[in-house]
file coords.csv (CSV, C-alpha atoms)
chain,number,residue,atom,x,y,z
A,1,MET,CA,0.0,0.0,0.0
A,2,SER,CA,1.4,3.4,-1.0
A,3,ILE,CA,1.9,6.2,1.5
A,4,ILE,CA,-0.9,8.3,0.0
A,5,GLU,CA,-3.3,5.3,0.2
A,6,LYS,CA,-2.5,5.1,3.9
A,7,ALA,CA,-3.2,8.8,4.1
A,8,ILE,CA,-6.7,8.3,2.6
A,9,GLU,CA,-7.3,5.4,4.9
A,10,LYS,CA,-6.5,7.7,7.9
A,11,LEU,CA,-8.8,10.4,6.6
A,12,ASN,CA,-11.7,8.0,6.2
A,13,ALA,CA,-11.2,6.2,9.5
A,14,ASP,CA,-13.9,8.2,11.4
A,15,GLN,CA,-14.8,5.1,13.4
A,16,VAL,CA,-11.4,5.0,15.1
A,17,GLY,CA,-11.9,8.5,16.7
A,18,LYS,CA,-8.3,9.6,16.8
A,19,GLN,CA,-8.8,13.1,15.3
A,20,ASP,CA,-7.5,15.0,18.4
A,21,ASP,CA,-4.2,13.2,18.3
A,22,LEU,CA,-3.9,13.8,14.6
A,23,SER,CA,-4.6,17.5,15.1
A,24,ASN,CA,-1.7,17.8,17.4
A,25,ASP,CA,0.6,15.9,15.1
A,26,PHE,CA,-0.4,18.0,12.1
A,27,SER,CA,0.2,21.2,14.0
A,28,ARG,CA,3.7,20.1,14.8
A,29,SER,CA,4.3,19.1,11.2
A,30,LEU,CA,3.2,22.5,10.0
A,31,ASP,CA,5.6,24.2,12.4
A,32,SER,CA,8.5,22.0,11.2
A,33,THR,CA,8.0,22.9,7.5
A,34,ALA,CA,8.6,26.6,8.2
A,35,SER,CA,12.3,25.9,8.8
A,36,SER,CA,12.9,24.5,5.3
A,37,GLN,CA,13.9,27.0,2.6
A,38,ALA,CA,13.8,26.1,-1.1
A,39,PRO,CA,13.8,28.5,-4.1
A,40,VAL,CA,11.0,28.3,-6.6
A,41,LYS,CA,12.4,27.2,-9.9
A,42,SER,CA,11.2,27.9,-13.4
A,43,ASN,CA,12.2,26.5,-16.8
A,44,VAL,CA,9.6,28.2,-18.9
A,45,ASP,CA,10.7,30.6,-21.7
A,46,MET,CA,8.6,33.7,-21.6
A,47,GLN,CA,9.8,34.9,-25.0
A,48,GLY,CA,7.1,35.5,-27.5
A,49,GLN,CA,4.4,35.9,-24.9
A,50,THR,CA,1.2,37.4,-26.4
A,51,ILE,CA,-1.3,36.9,-23.6
A,52,PRO,CA,-2.0,40.3,-21.8
A,53,PRO,CA,-1.3,40.7,-18.1
A,54,ALA,CA,-4.1,39.3,-15.9
A,55,PHE,CA,-3.8,41.9,-13.2
A,56,GLU,CA,-3.2,45.1,-15.1
A,57,GLN,CA,-4.0,48.3,-13.2
A,58,PRO,CA,-7.2,49.8,-14.4
A,59,GLU,CA,-5.6,52.9,-15.8
A,60,LYS,CA,-3.4,50.8,-18.1
A,61,LEU,CA,-6.3,49.0,-19.8
A,62,ALA,CA,-7.1,49.8,-23.4
A,63,PRO,CA,-9.2,51.3,-24.8
A,64,GLN,CA,-9.5,54.1,-22.3
A,65,ASN,CA,-13.3,54.0,-22.2
A,66,ARG,CA,-13.3,50.4,-20.9
A,67,THR,CA,-15.6,50.2,-17.8
A,68,ARG,CA,-14.4,48.1,-14.9
A,69,LYS,CA,-16.8,45.4,-14.0
A,70,VAL,CA,-17.5,45.1,-10.3
A,71,VAL,CA,-19.4,42.3,-8.6
A,72,ASP,CA,-21.1,43.1,-5.3
A,73,LEU,CA,-20.6,39.7,-3.6
A,74,PRO,CA,-23.6,38.4,-1.6
A,75,LEU,CA,-21.7,38.3,1.6
A,76,GLU,CA,-24.7,37.8,3.9
A,77,HIS,CA,-25.8,34.9,1.8
A,78,LEU,CA,-22.4,33.4,1.9
A,79,LYS,CA,-22.2,33.8,5.7
A,80,SER,CA,-25.6,32.1,6.0
A,81,LEU,CA,-24.1,29.1,4.2
A,82,GLY,CA,-21.3,28.9,6.7
A,83,MET,CA,-18.6,30.5,4.4
A,84,VAL,CA,-15.7,32.8,5.1
A,85,THR,CA,-16.5,36.6,5.0
A,86,PRO,CA,-14.3,39.5,5.7
A,87,ASP,CA,-16.6,40.9,8.4
A,88,GLU,CA,-16.1,37.8,10.6
A,89,PRO,CA,-12.3,37.1,10.4
A,90,ARG,CA,-12.4,35.1,13.7
A,91,SER,CA,-15.3,32.8,12.8
A,92,ARG,CA,-14.7,29.1,13.1
A,93,VAL,CA,-14.6,28.6,9.3
A,94,ALA,CA,-12.2,31.4,9.0
A,95,GLU,CA,-9.8,29.8,11.5
A,96,GLU,CA,-10.1,26.5,9.7
A,97,ASN,CA,-9.2,28.1,6.4
A,98,ARG,CA,-6.1,29.7,8.0
A,99,ILE,CA,-4.9,26.2,8.7
A,100,ILE,CA,-5.7,25.1,5.1
A,101,LYS,CA,-4.0,28.0,3.4
A,102,ARG,CA,-0.9,28.1,5.6
A,103,PRO,CA,1.1,25.4,3.8
A,104,LEU,CA,-0.1,26.7,0.4
A,105,LEU,CA,1.3,30.2,1.2
A,106,MET,CA,4.5,28.7,2.6
A,107,ASN,CA,5.1,26.9,-0.7
A,108,ILE,CA,4.4,30.1,-2.7
A,109,ALA,CA,7.0,31.9,-0.5
A,110,GLY,CA,9.5,29.1,-1.2
A,111,LYS,CA,9.5,28.0,2.4
A,112,GLY,CA,8.0,24.5,1.9
A,113,ALA,CA,9.7,21.2,2.0
A,114,ALA,CA,10.4,21.1,-1.8
A,115,ALA,CA,10.8,23.5,-4.7
A,116,ILE,CA,7.6,23.8,-6.8
A,117,ASP,CA,7.1,25.2,-10.3
A,118,ASN,CA,4.3,27.9,-10.4
A,119,PRO,CA,3.3,27.3,-6.8
A,120,ASN,CA,0.8,30.2,-7.0
A,121,LEU,CA,-1.4,28.2,-9.4
A,122,ILE,CA,-3.7,26.2,-7.0
A,123,MET,CA,-6.4,23.8,-8.2
A,124,VAL,CA,-9.2,22.6,-5.9
A,125,THR,CA,-10.8,19.4,-7.1
A,126,SER,CA,-12.3,16.1,-5.9
A,127,ALA,CA,-12.9,12.6,-7.1
A,128,GLN,CA,-16.6,13.0,-7.8
A,129,PRO,CA,-19.4,15.6,-7.5
A,130,GLY,CA,-21.0,16.6,-4.2
A,131,GLU,CA,-17.9,16.6,-2.0
A,132,GLY,CA,-17.7,20.4,-1.5
A,133,LYS,CA,-14.9,21.4,-3.8
A,134,THR,CA,-16.6,24.7,-4.9
A,135,PHE,CA,-17.4,25.6,-1.3
A,136,THR,CA,-13.8,24.9,-0.4
A,137,ALA,CA,-12.4,26.8,-3.4
A,138,ILE,CA,-14.4,30.0,-2.7
A,139,ASN,CA,-13.6,29.9,1.1
A,140,LEU,CA,-9.9,29.5,0.3
A,141,ALA,CA,-10.0,32.4,-2.2
A,142,ILE,CA,-11.7,34.7,0.2
A,143,SER,CA,-9.5,33.7,3.1
A,144,ILE,CA,-6.3,34.4,1.1
A,145,ALA,CA,-7.7,37.7,-0.2
A,146,MET,CA,-8.0,38.7,3.5
A,147,GLU,CA,-4.2,38.6,3.7
A,148,GLN,CA,-2.4,42.0,3.8
A,149,ASP,CA,-0.1,41.4,0.8
A,150,LYS,CA,-2.0,39.0,-1.5
A,151,THR,CA,-4.3,39.5,-4.4
A,152,VAL,CA,-6.4,36.5,-5.4
A,153,LEU,CA,-7.8,35.6,-8.8
A,154,PHE,CA,-10.6,33.0,-8.5
A,155,VAL,CA,-11.0,31.1,-11.8
A,156,ASP,CA,-14.2,29.1,-12.3
A,157,ALA,CA,-12.7,26.3,-14.4
A,158,ASP,CA,-15.6,23.9,-13.8
A,159,VAL,CA,-16.8,25.0,-17.3
A,160,ALA,CA,-19.5,22.3,-17.6
A,161,LYS,CA,-21.3,23.1,-14.3
A,162,ALA,CA,-20.0,26.6,-13.3
A,163,SER,CA,-21.8,26.4,-10.0
A,164,ALA,CA,-19.5,29.0,-8.4
A,165,ALA,CA,-21.3,31.7,-10.4
A,166,ALA,CA,-24.6,31.2,-8.6
A,167,LEU,CA,-22.9,31.4,-5.2
A,168,LEU,CA,-21.0,34.5,-6.1
A,169,GLY,CA,-23.9,36.4,-7.7
A,170,ILE,CA,-22.5,36.2,-11.3
A,171,PRO,CA,-25.0,35.9,-14.2
A,172,ASP,CA,-24.9,32.6,-16.1
A,173,ASP,CA,-24.3,34.3,-19.4
A,174,CYS,CA,-21.3,36.3,-18.2
A,175,PRO,CA,-18.3,35.8,-20.5
A,176,GLY,CA,-15.2,34.2,-19.0
A,177,LEU,CA,-12.4,31.7,-19.4
A,178,ILE,CA,-13.9,29.7,-22.4
A,179,ASP,CA,-14.6,33.0,-24.3
A,180,LEU,CA,-11.1,34.2,-23.6
A,181,LEU,CA,-9.6,31.0,-25.1
A,182,MET,CA,-12.1,30.7,-28.0
A,183,ASN,CA,-12.0,34.4,-29.2
A,184,LYS,CA,-8.6,35.5,-30.2
A,185,GLY,CA,-9.4,39.2,-29.8
A,186,THR,CA,-10.6,38.9,-26.2
A,187,ARG,CA,-8.3,40.2,-23.4
A,188,ILE,CA,-8.3,39.1,-19.8
A,189,SER,CA,-9.4,42.6,-18.9
A,190,ASP,CA,-12.5,42.1,-21.0
A,191,VAL,CA,-13.7,39.2,-18.8
A,192,LEU,CA,-12.0,39.8,-15.4
A,193,LEU,CA,-14.4,40.9,-12.7
A,194,HIS,CA,-13.4,43.0,-9.7
A,195,THR,CA,-15.4,42.4,-6.6
A,196,SER,CA,-16.5,44.2,-3.4
A,197,ILE,CA,-13.6,42.4,-1.7
A,198,PRO,CA,-10.7,44.7,-2.8
A,199,ASN,CA,-8.1,41.9,-3.2
A,200,LEU,CA,-10.4,39.4,-4.9
A,201,ARG,CA,-10.9,39.1,-8.7
A,202,ILE,CA,-13.0,36.6,-10.5
A,203,LEU,CA,-12.6,34.9,-14.0
A,204,PRO,CA,-16.0,33.2,-14.7
A,205,ALA,CA,-16.2,30.0,-16.6
A,206,GLY,CA,-17.8,31.7,-19.6
A,207,HIS,CA,-20.1,30.2,-22.2
A,208,ALA,CA,-20.4,26.5,-22.5
A,209,HIS,CA,-18.5,25.0,-25.5
A,210,GLU,CA,-18.4,21.5,-26.9
A,211,ARG,CA,-14.6,21.7,-27.3
A,212,SER,CA,-13.9,22.9,-23.8
A,213,THR,CA,-11.4,20.1,-23.1
A,214,GLU,CA,-9.4,21.0,-26.3
A,215,LEU,CA,-9.5,24.7,-25.3
A,216,LEU,CA,-8.2,23.9,-21.9
A,217,ALA,CA,-5.4,21.8,-23.4
A,218,SER,CA,-4.5,24.4,-26.0
A,219,GLU,CA,-1.3,26.4,-26.3
A,220,ASP,CA,-3.3,29.5,-25.5
A,221,MET,CA,-4.3,28.0,-22.1
A,222,GLN,CA,-0.7,27.1,-21.4
A,223,GLN,CA,0.5,30.6,-22.2
A,224,LEU,CA,-2.3,32.0,-20.1
A,225,MET,CA,-1.1,29.9,-17.1
A,226,ILE,CA,2.5,31.1,-17.6
A,227,GLU,CA,1.2,34.7,-17.7
A,228,LEU,CA,-0.8,34.3,-14.5
A,229,ALA,CA,1.9,32.4,-12.6
A,230,GLN,CA,5.1,34.2,-13.5
A,231,ARG,CA,4.4,37.8,-14.5
A,232,TYR,CA,2.7,38.4,-11.1
A,233,PRO,CA,4.2,35.9,-8.7
A,234,ASP,CA,2.7,37.7,-5.7
A,235,ARG,CA,-0.8,36.9,-6.9
A,236,VAL,CA,-2.6,33.6,-5.9
A,237,ILE,CA,-4.8,32.0,-8.6
A,238,ILE,CA,-7.4,29.5,-7.2
A,239,PHE,CA,-9.0,27.2,-9.8
A,240,ASP,CA,-12.3,25.5,-9.0
A,241,SER,CA,-11.8,22.4,-11.1
A,242,PRO,CA,-14.3,19.7,-12.3
A,243,PRO,CA,-14.2,16.4,-10.4
A,244,ILE,CA,-11.3,14.2,-11.6
A,245,LEU,CA,-13.3,11.1,-12.4
A,246,PHE,CA,-16.2,12.8,-14.1
A,247,THR,CA,-14.6,15.0,-16.7
A,248,THR,CA,-11.4,15.0,-18.8
A,249,GLU,CA,-10.9,18.8,-18.2
A,250,ALA,CA,-9.7,18.2,-14.7
A,251,GLY,CA,-6.8,16.1,-15.7
A,252,VAL,CA,-5.8,18.6,-18.3
A,253,LEU,CA,-5.9,21.4,-15.8
A,254,ALA,CA,-3.9,19.4,-13.2
A,255,ASN,CA,-0.9,19.2,-15.6
A,256,LEU,CA,-0.7,23.1,-15.5
A,257,MET,CA,-1.0,23.5,-11.7
A,258,GLY,CA,1.7,24.0,-9.1
A,259,GLN,CA,-0.4,22.8,-6.1
A,260,ILE,CA,-3.6,20.8,-5.8
A,261,VAL,CA,-6.1,20.7,-2.9
A,262,PHE,CA,-8.0,17.4,-3.1
A,263,VAL,CA,-11.3,17.4,-1.3
A,264,VAL,CA,-12.6,14.2,0.2
A,265,ALA,CA,-16.1,14.0,1.8
A,266,GLU,CA,-16.3,11.9,4.9
A,267,LYS,CA,-18.6,8.9,4.6
A,268,HIS,CA,-19.3,9.9,1.0
A,269,THR,CA,-16.2,9.2,-1.1
A,270,PRO,CA,-15.2,5.5,-1.4
A,271,GLN,CA,-11.5,5.0,-0.7
A,272,SER,CA,-11.1,3.2,-4.1
A,273,LYS,CA,-12.4,6.3,-5.9
A,274,VAL,CA,-10.0,8.6,-4.0
A,275,VAL,CA,-7.0,6.4,-4.9
A,276,GLU,CA,-8.1,6.2,-8.5
A,277,ALA,CA,-8.5,9.9,-8.8
A,278,LEU,CA,-5.1,10.6,-7.2
A,279,SER,CA,-3.5,8.3,-9.7
A,280,HIS,CA,-4.7,10.7,-12.5
A,281,LEU,CA,-2.8,13.6,-10.9
A,282,GLY,CA,0.7,12.2,-11.4
A,283,GLY,CA,3.4,11.3,-8.9
A,284,GLU,CA,5.2,14.6,-8.9
A,285,LYS,CA,2.4,16.9,-7.9
A,286,VAL,CA,2.1,18.6,-4.6
A,287,ILE,CA,-1.3,17.5,-3.2
A,288,GLY,CA,-3.1,18.6,-0.1
A,289,LEU,CA,-5.8,16.2,1.1
A,290,LEU,CA,-8.8,18.0,2.7
A,291,LEU,CA,-11.4,16.0,4.6
A,292,ASN,CA,-14.7,17.8,4.3
A,293,LYS,CA,-18.1,17.4,6.0
A,294,SER,CA,-16.3,15.8,9.0
A,295,SER,CA,-18.7,14.9,11.9
A,296,ASN,CA,-16.0,13.5,14.1
A,297,THR,CA,-15.4,16.7,16.1
A,298,ARG,CA,-15.7,17.7,19.7
A,299,ASN,CA,-19.0,19.5,19.4
A,300,GLY,CA,-20.5,17.1,16.7
A,301,ALA,CA,-20.6,19.8,14.0
A,302,GLY,CA,-19.3,19.0,10.5
A,303,GLY,CA,-16.1,20.6,9.5
A,304,TYR,CA,-12.7,20.2,7.8
A,305,GLY,CA,-9.7,18.1,8.2
A,306,TYR,CA,-6.5,18.7,6.3
A,307,GLY,CA,-3.4,16.6,5.3
A,308,TYR,CA,-0.6,17.8,3.1
A,309,GLY,CA,1.6,15.7,0.8
A,310,TYR,CA,4.4,16.1,-1.8
A,311,GLY,CA,3.8,13.6,-4.6
A,312,TYR,CA,3.0,10.4,-2.8
A,313,GLY,CA,4.2,11.7,0.6
A,314,TYR,CA,1.8,12.6,3.4
A,315,GLY,CA,1.5,15.1,6.2
A,316,ARG,CA,-0.6,14.4,9.2
A,317,SER,CA,-4.3,15.1,9.0
A,318,GLN,CA,-5.9,17.9,11.1
A,319,THR,CA,-9.5,18.1,12.1
A,320,GLY,CA,-11.5,21.4,12.4
A,321,ASN,CA,-15.0,22.4,13.1
A,322,GLY,CA,-17.5,24.4,11.0
call {"tool": "encode", "arguments": {"input": "coords.csv", "output": "structure tokens"}}
result
Amino acid sequence: MSIIEKAIEKLNADQVGKQDDLSNDFSRSLDSTASSQAPVKSNVDMQGQTIPPAFEQPEKLAPQNRTRKVVDLPLEHLKSLGMVTPDEPRSRVAEENRIIKRPLLMNIAGKGAAAIDNPNLIMVTSAQPGEGKTFTAINLAISIAMEQDKTVLFVDADVAKASAAALLGIPDDCPGLIDLLMNKGTRISDVLLHTSIPNLRILPAGHAHERSTELLASEDMQQLMIELAQRYPDRVIIFDSPPILFTTEAGVLANLMGQIVFVVAEKHTPQSKVVEALSHLGGEKVIGLLLNKSSNTRNGAGGYGYGYGYGYGYGRSQTGNG
């Protein structure tokens, strides 16, 4: 049995009731990673780059009469769903997401246990639908946007479902990622949405297209990822990806990512499906395992657990409430 299979077995062992011990172990493992320094390497040639910057300042956008699109996020509705909001930075879910984002940000800063190409490209995915990946991706994006020195771009890359749009108050017909890849004359600034959270931008999924997999696997998509990752390395790009086992798009996206957060729903995801999905991500990927909908907590409320691994390595799991 591989190490990551053992990790999944630990995450799914709710009957054993050892979450408190794992919490302490994981906290110690997080502290130990801070002492390891490794530079982020890159071997991508930026020459000939034609994709425009994703985070241009508004005054630099052309033409000059372009109007900035701003989304007033439904924060009260998000709060009612138990999600992170800036007005409650000390809520239980906010504290949980601090634990989740900590190793991700350490890797972006080059302070993780291994060097990573494009560590600021983070994909959130799962083995199958209904495990809470979109909920997790939005929470993570808002939580990182609350940092003092980070700007976040949330990309709705679940182009077939695009469920993040409804949660964030974005119209279904709003152009986005697919339109950017399909129409050569479209700039990122044409489809990028500013939000009522100052450090959070959104790139919607865009209009459905029968060749979405090919578009995501195209050279234009690869150039876009290079632009997002390297021209603005202080930006964090969160991708809400389709489930690994239900679409081909997720596997294509995974090849472009620096880090992957893999959501596992307690008592919902069969271990065999988790192992199968992880095998599609490749042995060299940095993968964080997140146990969602956990009921094995002190007060009985559902919440998160988080384990962190490099390739097929594994960090201890941690249980939260929420």
call {"tool": "atom_distance", "arguments": {"input": "coords.csv", "atom1": "atom CA of A:Ala277", "atom2": "atom CA of A:Leu105"}}
result
24.7 Å
call {"tool": "residues_around", "arguments": {"input": "coords.csv", "residues": "stretch 264-271 of chain A", "least_positions_apart": "3", "cutoff": "6 Å", "atoms": "all atoms listed in the file", "output": "list in words"}}
result
Glu131, Val274, Leu290, Leu291, Asn292, Lys293 and Ser294 of chain A
call {"tool": "atom_distance", "arguments": {"input": "coords.csv", "atom1": "atom CA of A:Lys133", "atom2": "atom CA of A:Pro243"}}
result
8.3 Å
call {"tool": "closest_residue", "arguments": {"input": "coords.csv", "among": "A:Leu289, A:Val155, A:Leu224, A:Ile100", "to": "A:Leu200", "atoms": "only C-alpha atoms"}}
result
A:Val155
call {"tool": "atom_distance", "arguments": {"input": "coords.csv", "atom1": "atom CA of A:Met83", "atom2": "atom CA of A:Val191"}}
result
25.3 Å
call {"tool": "closest_atom_pairs", "arguments": {"input": "coords.csv", "of": "stretch 136-230 of chain A", "to": "stretch 124-130 of chain A", "cutoff": "10 Å", "atoms": "only C-alpha atoms", "output": "JSON lines"}}
result
{"residue": "A:Thr136", "atom": "CA", "partner": "A:Val124", "partner_atom": "CA", "distance": 7.5}
{"residue": "A:Ala137", "atom": "CA", "partner": "A:Val124", "partner_atom": "CA", "distance": 5.8}
{"residue": "A:Ile138", "atom": "CA", "partner": "A:Val124", "partner_atom": "CA", "distance": 9.6}
{"residue": "A:Leu140", "atom": "CA", "partner": "A:Val124", "partner_atom": "CA", "distance": 9.3}
{"residue": "A:Ala157", "atom": "CA", "partner": "A:Val124", "partner_atom": "CA", "distance": 9.9}
{"residue": "A:Asp158", "atom": "CA", "partner": "A:Thr125", "partner_atom": "CA", "distance": 9.4}
call {"tool": "closest_residue", "arguments": {"input": "coords.csv", "among": "A:Glu249, A:Glu76, A:Asp87, A:Asp156", "to": "A:Thr134", "atoms": "all atoms listed in the file"}}
result
A:Asp156
call {"tool": "closest_residue", "arguments": {"input": "coords.csv", "among": "A:Leu180, A:Leu167, A:Val275, A:Ala229", "to": "A:Asp117", "atoms": "all atoms listed in the file"}}
result
A:Ala229
call {"tool": "residues_around", "arguments": {"input": "coords.csv", "residues": "A:Ile108", "least_positions_apart": "2", "cutoff": "10 Å", "atoms": "only C-alpha atoms", "output": "number ranges by chain"}}
result
A: 39-40, 103-106, 110-112, 115-122, 233-236, 258-259
call {"tool": "write_last_selection", "arguments": {"input": "coords.csv", "atoms": "C-alpha atoms", "output": "short mmCIF file (atom, residue, chain, number, x, y, z; two decimals), in the frame of the given file"}}
result
data_model
loop_
_atom_site.label_atom_id
_atom_site.label_comp_id
_atom_site.auth_asym_id
_atom_site.auth_seq_id
_atom_site.Cartn_x
_atom_site.Cartn_y
_atom_site.Cartn_z
CA PRO A 39 13.80 28.50 -4.10
CA VAL A 40 11.00 28.30 -6.60
CA PRO A 103 1.10 25.40 3.80
CA LEU A 104 -0.10 26.70 0.40
CA LEU A 105 1.30 30.20 1.20
CA MET A 106 4.50 28.70 2.60
CA GLY A 110 9.50 29.10 -1.20
CA LYS A 111 9.50 28.00 2.40
CA GLY A 112 8.00 24.50 1.90
CA ALA A 115 10.80 23.50 -4.70
CA ILE A 116 7.60 23.80 -6.80
CA ASP A 117 7.10 25.20 -10.30
CA ASN A 118 4.30 27.90 -10.40
CA PRO A 119 3.30 27.30 -6.80
CA ASN A 120 0.80 30.20 -7.00
CA LEU A 121 -1.40 28.20 -9.40
CA ILE A 122 -3.70 26.20 -7.00
CA PRO A 233 4.20 35.90 -8.70
CA ASP A 234 2.70 37.70 -5.70
CA ARG A 235 -0.80 36.90 -6.90
CA VAL A 236 -2.60 33.60 -5.90
CA GLY A 258 1.70 24.00 -9.10
CA GLN A 259 -0.40 22.80 -6.10
#
